[in-house]
Structure formats: C-alpha cells, structure tokens
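Asker: Attaching a single structure in structure tokens format; questions to follow.
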Amino acid sequence: MELSKKDLRLKIDELSSSIGVFKGLDIQVGRIIDDEWEEPMGPTPFPSIGTFRDWDRKLLERYKPFYMPFCDLCCLCTFGKCDLTGDKKGACGLTMAAQQSRIVLLACCIGASTHCAHARHMMDHLIEMYGRDHKLDIAINTNVQAPNSRLVCGIRPKTLRDLEDILDYVETQLVQLTATAHTGQEGDNIDFESKAFHAGMLDHVAMEVADLCQISTLDFPKGVADAPMTEIGFGSIDTSKAVVMCIGHNVLPSVDIIDYLMENKLFEEVEVGGLCCTAHDNSRYDKRAKVLGPISWQLRYIRTGIPDVVVVDEQCLRTDIVDEAQKIGAPVIATSEKSMLGLPNRTHDPSDEIVEDLVEGRTPGVLILEPDKVGEVVVKTALKMKPKRAGFKPLSMEELVELAGNCRGCMECVMACPNNLPVMDAVKAAAEGAVEALAEIQPMCVGCARCESACPEDLPIISFLTKAAEEKEMTDSFAIRVGRGAVTDVEIREVGRGIVFGEIPGVVALVGCANYPKGGLEVADIAEEFLKRRFIVVATGCAAMDLALRKDEDGLNLYEKYPGNFDAGGLLNIGSCVSNAHITGAAIKIANIFAKRPLRANYEEIADYIYNRVGAVGIAWGAMSQKAASIASGCWRLGIPVIVGPHGSKYRRNLLGRADKEEDWITLDARTGEEKYVGPAPEHLFYSAETLEEAMVMTAKLSMRPNDTTKGRAVKLSHYVDLHKTYYGTMPDDLHQYVRVEADVPFTMKEEVLGIIKEKGWEEGKIGMLDPTLLRRMVR
Amino acid sequence: MSAKMRTGQTAEIPGPKKANVIPQPKVAVSMIKRAERPLLVVGSKAPDIETNDGDLVDSAIRFLKTGVTVVATGHLSKTFRDRGVEVYSMQFMNLGDRLRDPGWAGFDGKGPYDIVLFVGTLYYMEWLVQSGLKSFAQDLRTVSLGNAYQPNASWSMGSSPMKNWLTALDDIIKGLEEGK
C-alpha cells in the first residue's frame, strides 16, 4: 500500500476476501475533510480567485487605488511597446489603471509563489526526514493552530500530511492568478486588485505552512515570551574562528551546518553568522548561531573579508554573490534550485572531493541540492579556508585614500543612490584623508551598490564605506530575542477584550525589508515610540533585526527593555518572513477566540470583524520585495492597513480613503440593519509615508476602529493628538471626524478638543456608535 | 536628450510624454500669474536645501506672500509654524489623490487648483505623484521647480548646476512679487 503526496490512494497488488479475489486494486479518494472537527464547515472552503470579489470591492470602493505608473509603457507582448499614458489603450485594449493593477498582481503572485515554493521545498524535505504522520506542534497553550489555513481552507491540519493539501490548493490558485495577467484576460483594474488581494491571502497560508513545518520538526521556540537571547551585529562574530556566512531565507542547509558542528563538537572552531531570515531561523534552531544583520548588509559583510565560506539558500540574495565572494577568496555554496548561480552541481560527489576543489580554488563555488550534505562540506571547507585565507587583506585606509583620489566628481554615484546620499562629497573628502563623511553616511546605505555600478572609475564605494565605519561596526553587538513564533491562545484571551474595545491602543507590526530612506534605526524609533505608549509591537524579518541596533545610556536595547509577551508594551520578535503569518493569525484568533466568531472557512466574516474592531497596523518601513507586496496584500484583504516608507510608493499605487467624503464611510449596524456614518476609521488601507514622523502620527490614527468603546477611543485619540502635537506642532484638524460623543474626548484635553470640533460644526451623535459590519448578511 | 532633461536619479527615464523644460524663469512666472488658483507643494526636504533666502522653506514663504496657496507635505508644516507661518498640511500621497479628483474643491473649498508647483520633495516621490497626475488628471498643469528635471510634470526646471537653479528660483519669486 502507498499513500501518495496528494490524496488517499490505496493500491493493492492482490487481495483475497470473502467476496472474491481482486488483482491490481487501486482506490483513490479525493480531499479528506476533517469530520472530527466539531465546528461546521463555513461558507467558503478553498475559495477560488473570484470568491471574495464582493468583499474586495467593498474595501476597494472605500479605498480607491491612486495609481502612480512606474512606467508608461506595456512591453509584455509583441504588439508593443504600447504607450498607455492618459486615455490611451494598449493594442489589447488595456488601460493604464488596469496595467498598473496587473503589475501589482504579478508582484503579489511572485511574492506568494516565493513563499509557497519555499514552503513546498521545506515540507517535502521534512516529510522525508520525519514522515507524513509527524504531528504539528506549534505553540504552547494553543488549540487554534494554523488560523490562516483554517480560515481559508476550512481544514485543521494536524500532521505534515495535512499541509500537503493546503499547499496543493495554494499552488493551484497561484497558477490561476498568474494566468489572469496574460494578454487578453482580465481587463478591469478593480478585478486585478481583487486578484492581488487573493494572492496576498494565499501568501499568508503558504507562509503559515512553511513556519508550521519548521517549528514542529526543528524544535523552534513555540510561542514562548521568553525565547532565548542571541547576538546581532558584526561584533558578535568571533573572527578568530572560521566564519561561515549564511544568506537567505530557507533554514534547511544551515540546520545541517549547525548539526554537523554539534555532532563533531566544532562550535569552538567555527562561527555561523546569518543574514536576513535564514539568520532568524538559524537562531531559532540554535541560539549559538549569530545574526549578522539585515539583508542590506550582505555586501558590506563580504567586503570586510571575514567570511571563509558563503552559503546561499534562497530569496533576496545578491545575484552577483559569486563574483563578490571571489574577490575575497571565499567559496560559495549554493543550496537551492531557485538560485543555482551558474555553479556546478556536485550534489552526488563525495564530500571530500568537493571540499578539495573548493579549497584549491578549482571552482568558485558549488551547488549542493541535498541539505544533508551541506553541513559536512561547508564546515570542512571553512576550517581549511581559514588558514589559507589568513593572508587576505581587505581594503586598507591608505588604499582607500589613494583610490578616492581617482574620483572624477561626476555625481553619478549620487544620482544612482536610491537615497541620493552625498557619496561624491564623501569620496572627495576621503581623497584628502578625511573619511568621517563616509563613516557618517554608511549607516544610511541600503547596500545596493548602484553607486559602484554607476562609477566610471569603478571605485569600490561600498568597501570605502565599510572601511570608514570599520572601527565602530566591527565591535558592535546587540541582544536579540530569537523568533518566538505564534501568539498563543492564552495570550489572545487575555488581551482580546483590550484590543477590540480599544483600551490597548493598538497592535503595531513592524515587518519587512531594509530599503530604508534614512537607515534602519528609524525602525527602532517607531518601535520605541509605540512601546512607550503601551501598544503591542510585533516584528519580523529585517525590521526585527534593525530595531535591536541601538542601546540606551544604560547599554540596553529594546529587546532587553521590553518583555516578549503579547500584551500592552510587549515587544515580540515573531521570527522570519514566513512568521508573518502568525501576525495575521493573531488578528484572526482575536475574532475566533475572544469574539467566538466561527473560523472555519469563514473568511469574509472574520475579515469584517478584524477590519471594524482590531486596531492593528502594519508598517513595512523598508519594504522592497515582491514578497513584501504580497504580505501587505494579505493584510489588506483582512482589513488591516499597511504603511510603507517613501520607497514603498514604487509599488505603483496606494489604497487611499477620502475622509472628506462622508458617503464613503457608511457602515451597517448589525443590530438594526441601519446604515450610519462611522467616520474614516481606518482612513487608508495602503499608504506611503514621506517621513518617519508622518508615519508615526498616521499609525496612531489608523489604529482607530468603528467599534472602539468611548474609553478606547479616548485612549487612541490621546495618542493621536499627542503625536500630532509633537511632530506637527499643533492639534490635528480632523478630530471632528473621530469624536463620536463627548466621552470619546480624552479627559485632559476635553475643553480644547471640544472647542475645536464645535467650531467645525461637530454634533454629538452624527458619527455612529454601532455594531459595525460591511456585510448585510451579518445583520441579525 | 539635452543635459537639462537629465533626470535627477539614475534610470528615472521619461515615458513618451515628457515635461517641457522651462526655458526662462519668466515663462514660469507667466504661467503662475495666469493661473487663477495656483498651489505650491513643499516637500519634506525643503529645510535641507539652501537657497538665497535661507532654505527652501523661507523661499516658499515668499511664494505664499505673492498669493500662491502653500501646502506642506510630510510633517513639514511644523517647520513653517516654527517660523511663524501657517500653511496647509497634507500627506503627499493623500494630496496626489485629491489633486487627481476634479471634484475636489481645494483646501478652502473654493474649487480645484489649476496649476500645481512642486519643490523640496523626495525626487522619486514627486516623480511618482506626477506620473499619477499625468495619466489620471490630464487637465491639471503641474510644474516642477526643483533643481533636477522631472519628466512627468507638464513643465519642469531643467537639471542645472545649483548656482544657476538658485538664481532661476529667485527670479521666479521676484517675478511673482512684482506688481504685488
């Protein structure tokens, strides 16, 4: 008998029974529905790409896309290029609005596919290692495991086997979505937008599957507030040891490296440092693995010349990593079919032969697709490369000064820099021996190296920055609490009421990449501002790293100052990119556990609940990737607003509410069916802020929800007003849209606020306080 | 493509429809003076850009005194306020969204603006907002007054050395001040 990967398949060569003898019996059964689950199946199990069209349109009617074409042309088919500017249409009939939304959809499909492919690779490998019947064990004190999967698919995964059905579904849907972007398919921009939402929803399911797999099998922390501390920063690396640098998002090859070090008691001789989400997940596996920093630091760390071996898995890698590693004489070991980088496939060769070829420099790197082989090759190579590379000297200060003298002053570096950093002036100063300006701009560098690419003299500007800041950076080390994974059911029970009624002012989710306008410390600024105000702050990915990178006068950083539990004033490192599913999962669980709303395949009702009641705001201050786009998109469909930094405007559109149009904010009272104006809460669904200060004020504002109690609204308004006064120097001019009754006004500012809003014609009761819903079927 | 049409950031190349370069300050003065409801958008970088008046916030205050409505984006309105001047405040994205709506009656409720000037913005954000307006607010005239060419505006200052730009900006403001 065999059980296939997909459905139940019973295959018997010969069976004798009382009714006869069967030969070549082959019985296949489709998807197994969990009939032990007492919760009845909801209305939308395994939704298709059009199932939530009406819900999406409700949101998109309120939050209309403001398109900002990044390109006026469409060049996807051979009719083109087509100019779509203004009223023009392409040869296929597509408008500019539809083309922009089509690109948004494609970005979200790429992002969701990336997480899905990651999950598939991980699941297949872990099933091989642990078997399909391996039980999922996600978090302590938790019954509602896999809330995204339950909500979307209507199944309750208990074992690795159950996750296969879920991923099959996600993959099928992603193919459907990608097909709609073909020439001559979808033509309406709002339908494209709805499909982008669908891709985002699928993404959260895929991310959940990936993290459930690894948490359950690799013994990651299971929702514990006091997850272990490890170190982050270049200074955390003991450079007297051989150094392995792991970059990417898929932990499996790194797990084998760590296992090999443990089995062979080599942790005293080899240091493992990671960049980006692989680093998070390495540290979840073993806290002795160090976190070098966010993805934007990969080139910077290579240029130090420290790594003896570079290991890459998948996602957000520099695609020129082989060239870069060759410059410092470090071999590269690629481990994923998704990024093979032109390297020879040595998966089936003897380990010692591979090591010898790498150490002798016969090949700049190798591809090893079997994670179980990576550990031995990497560690042996690192140990042999360490003495061999001892003579390697990175750029010296004298060389820096001499090379800087070649600067032509053409400004190409400044024009190429995404943040227009004053690179040329700094290089010119360095030519005179003053490298302080280079050191000053280094923390704001996003590590893209476009400056180098643009430089007609091929100056190694990233190396200049690295050298200039070396003294401080190489000794910097900070504490970071390793990713804890899911928020537990018990935590949700304890804070659900406070969040839904607004007494906990909000949940701020700091998510995403490191394409910051002014350096990563701005993330620490945001986190600290809201932690002091007793918001719950959750973080993942590069943002969870960057907020660790500053100490106060007592030498403590935010992870050391704030507890790791899901409660007011808590700072949670949830984990890597795929752990983002636990953030939406927490919002879903508030609706299910606190409010007892049915979860199973009941997406619209839960999204409606979250949108109207859960004051959560996502902030992706350095959003860069297509994955960040799809993660945000999954939040939008659940009614969670997302703020991105200024570079996020390059996602081509914002989803903006019009606070000045009262008719846009009419909501149903679930008790009476009456329609009522509820004010613009939350005002926007996707919003690019120009400055950090603007983002902080907007975060407080977007935390308001129609369901806030008067006490809750007063708490939220007090933060909004206080932040506005701090950063704008005055009272907000839209308070009349958020004060529903006098009791909403914070006591300490009652007179002032009432005076202002009455001047604007405010009347008590104009803004409804109701049991809010956008769904007519929810009216009782 | 002339040097004046070189964009302020690498690869921010124009589409088929691109901004006219303002050949002389007097052309900009004439456009603004002809407008009935001009609006100046001042971005968050304004305090970092030195001008003959001090910085771009000071220069914007001179615009304000000529009768041009001024709106500060980001959290810049505080800087104006700290200098004793009240201007309108709106987030850049929100403002772009309002400007594409021909039914938006402006900050004072008196009707849509007929010419929108930009200065002191993050280059790429202005590029994008003007791209949105180019396609979705085709009747709106947009003018970029920064020192790097913005291809998606209707009219833009050409890219030029800082000294030349400062002189041109000063000449535009002087032109508006004349006769006031």
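Ligands are numbered from 1 in the order shown, residues from 1 within each chain, and chains are lettered A, B, ... in the order they appear in the structure tokens.
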Using only C-alpha atoms and a distance of at most 7 Å, pull out the residues of chain A that contact chain B, as a ChimeraX atom specification.

Answerer: /A:66-72,85-86,415-416,646,649,688,690-691,693-694,727-729

Asker: Check the DSSP output for the backbone and give back, as a list in words, the residues of stretch 83-178 of chain B in strand (DSSP E).

Answerer: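 Those residues are Tyr88, Ser89, Ile115, Val116, Leu117, Phe118, Val119, Arg141, Thr142, Val143, Ser144, Trp155 and Ser156 of chain B.
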
Asker: Could you find all residues in stretch 23-112 of chain B that DSSP calls alpha helix (DSSP H) from the backbone, and write them as a PyMOL selection string?

Answerer: chain B and resi 25-34+56-65+77-82+92-99

Asker: Give me, please, the distance in Å between atom CA of A:Ser579 and atom CA of A:Gly564, quoted to one decimal.

Answerer: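 One can read the atom CA of A:Ser579 to atom CA of A:Gly564 distance as 15.4 Å.
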
Asker: Between B:Pro47, B:Pro38, B:Gly54, B:Pro23, which has the minimum distance to B:Met5 (counting only C-alpha atoms)?

Answerer: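 Among B:Pro47, B:Pro38, B:Gly54, B:Pro23, it is B:Pro23 that comes nearest to B:Met5.
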
Asker: Do a neighbour search on B:Tyr113 at 7 Å with only C-alpha atoms, toss out local chain neighbours closer than 4 positions, and write the hits as a PyMOL selection string.

Answerer: chain B and resi 37-39+106

Asker: For A:Leu367, please output as a PyMOL selection string all residues within 8 Å (counting only C-alpha atoms; exclusion window: fewer than 3 positions along the same chain).

Answerer: chain A and resi 333-336+340+343-347

Asker: Quick one: residues within 12 Å of B:Asn164, only C-alpha atoms, excluding same-chain residues fewer than 4 positions away - as a PyMOL selection string?

Answerer: chain B and resi 4+24-25+51-52+146-148+157-160+168-171
